[in-house]
Amino acid sequence: MSVFAEAGIQFSIITPDRTAEVCTLVGQHFFTDDPIFRSIGIEQSTYLDSCFSDAIKGGSCVMATDSYGKIIGVRLTEIIDRGSWFRWLYDFAFASFIPSLGRIAWLLGKPVLQKSCEVIPALYCQVNYDVWPMFDEFGCQKILCDVLVCTAKEARGKGIGTELVKQGESVGREKGCDYTVSFVSGLYSGKIFRDKLNYTVRNEVFYDQFLDKDGNLYLNDTREHLSFFSCHKKITE
């Protein structure tokens with residue numbers, strides 16, 4: 001029996017009926033701790049909850065529950081198929097619209113949205129995080145893309161986050177993914193992906209070197225977190 005089973009902790013695929021619980025967990029334990037979300041001021045919203053709901057409906061997201069059935073950790077992922085031209089078109093159109101959305105946010109006096117439209121594309125650009133070119137690079141049909149990993153504060157330090165990522169890899173394999181990719185923003189998630197599970201770091205940028213065109217820090221509340229990076233791992237033999 002594993003240490004998790006002995007503690008009454010179970011891992012399973014998240015079903016849509018538990019979406020509200022997942023969104024509550026992420027709102028309470030991810031938004032306030034993630035250095036990017038905290039620095040920008042991003043909070044739980046209907047839009048983000050709908051994004052998490054869409055990921056859960058895809059059937060590749062994993063949760064950890066305690067002996068009472070309470071969700072204490074999640075790994076949210078999406079499976080992207082290289083043949084999904086609608087998804088490619090959506091991603092391309094959304095990326096093209098972000099600068100305009102930022103200007104609209106400025107006109108409407110929405111500083112968080114305005115900063116999000118400026119900072120998040122810059123983050124992805126700095127570490128060259130774009131799944132579509134990776135299909136040719138890896139020579140595969142499906143890629144498991146990480147959305148986030150979140151563990152409740154009271155459940156941290158027990159290896160649950162690491163196990164969630166491993167369980168997610170197993171689900172990805174079962175659904176035909178050869179590779180998994182992730183954008184990692186925090187010190188502790190970095191230890192999981194890079195140090196414990198041997199993901200290959202593709203590009204890394206330190207927060208104190210992530211500057212806007214005027215030489216100012218994009219993010220000013222990163223606390224103990226030092227860098228963000230993109231990474232990947234082959235999950236099939």
# chains A, B, ... in the order shown; residues from 1 in each chain; ligands from 1
>>> residues_around(residues="Ser182 of chain A", least_positions_apart="4", cutoff="8 Å", atoms="only C-alpha atoms", output="ChimeraX atom specification")
/A:145-147,230-232
>>> closest_atom_pairs(of="segment 81-186 of chain A", to="segment 33-57 of chain A", cutoff="12 Å", atoms="only C-alpha atoms", output="tab-separated table")
residue	atom	partner	partner_atom	distance
A:Lys110	CA	A:Gly41	CA	11.3
A:Pro111	CA	A:Ile40	CA	9.0
A:Val112	CA	A:Gly41	CA	6.1
A:Leu113	CA	A:Ile42	CA	8.2
A:Gln114	CA	A:Ile40	CA	9.6
A:Lys115	CA	A:Ile40	CA	6.5
A:Ser116	CA	A:Ile40	CA	6.6
A:Cys117	CA	A:Ile40	CA	10.3
A:Glu118	CA	A:Ile40	CA	10.2
A:Val119	CA	A:Ile40	CA	8.2
A:Ile120	CA	A:Ile36	CA	8.6
A:Ala122	CA	A:Ile36	CA	11.9
A:Leu123	CA	A:Ile36	CA	9.5
A:Leu144	CA	A:Ala55	CA	11.3
A:Cys145	CA	A:Ala55	CA	10.2
A:Asp146	CA	A:Ala55	CA	9.9
A:Val147	CA	A:Ala55	CA	8.2
A:Leu148	CA	A:Phe52	CA	9.5
A:Val149	CA	A:Asp34	CA	10.5
A:Cys150	CA	A:Asp34	CA	9.7
A:Thr151	CA	A:Asp33	CA	10.8
A:Ala152	CA	A:Asp33	CA	10.9
A:Lys153	CA	A:Asp33	CA	9.8
A:Phe183	CA	A:Ile36	CA	11.7
A:Val184	CA	A:Asp34	CA	10.1
A:Ser185	CA	A:Pro35	CA	7.0
A:Gly186	CA	A:Asp34	CA	6.5
>>> atom_distance(atom1="atom CA of Thr77 of chain A", atom2="atom CA of Asp208 of chain A")
28.5 Å
>>> closest_residue(among="A:Thr32, A:Asn220, A:Gln141, A:Ser60", to="Gly168 of chain A", atoms="only C-alpha atoms")
A:Ser60
>>> select_by_dssp(residues="segment 9-47 of chain A", states="helix (DSSP H, G or I)", output="list of chain:residue names")
A:Pro16, A:Asp17, A:Arg18, A:Thr19, A:Ala20, A:Glu21, A:Val22, A:Cys23, A:Thr24, A:Leu25, A:Val26, A:Gly27, A:Gln28, A:His29, A:Pro35, A:Ile36, A:Phe37, A:Arg38, A:Ser39, A:Ile40, A:Thr46, A:Tyr47
>>> closest_residue(among="A:Ser12, A:Thr24, A:Ser189, A:Thr222", to="Val171 of chain A", atoms="only C-alpha atoms")
A:Ser12
>>> select_by_dssp(residues="segment 20-220 of chain A", states="strand (DSSP E or B)", output="ChimeraX atom specification")
/A:62-65,71-81,142-151,179-184,200-206,211,217
>>> atom_distance(atom1="atom CA of Val127 of chain A", atom2="atom CA of Tyr207 of chain A")
12.1 Å
>>> closest_residue(among="A:Asp178, A:Ser170, A:Glu163, A:Gly73", to="Lys196 of chain A", atoms="only C-alpha atoms")
A:Glu163
>>> closest_residue(among="A:Cys125, A:Leu25, A:Ile143, A:Leu187", to="Phe210 of chain A", atoms="only C-alpha atoms")
A:Cys125
>>> closest_residue(among="A:Cys140, A:Ala20, A:Val205, A:Leu101", to="Gly176 of chain A", atoms="only C-alpha atoms")
A:Cys140
>>> atom_distance(atom1="atom CA of Gly59 of chain A", atom2="atom CA of Arg75 of chain A")
11.7 Å
>>> closest_residue(among="A:Leu211, A:Leu219, A:Val62, A:Ala5", to="Gln167 of chain A", atoms="only C-alpha atoms")
A:Val62
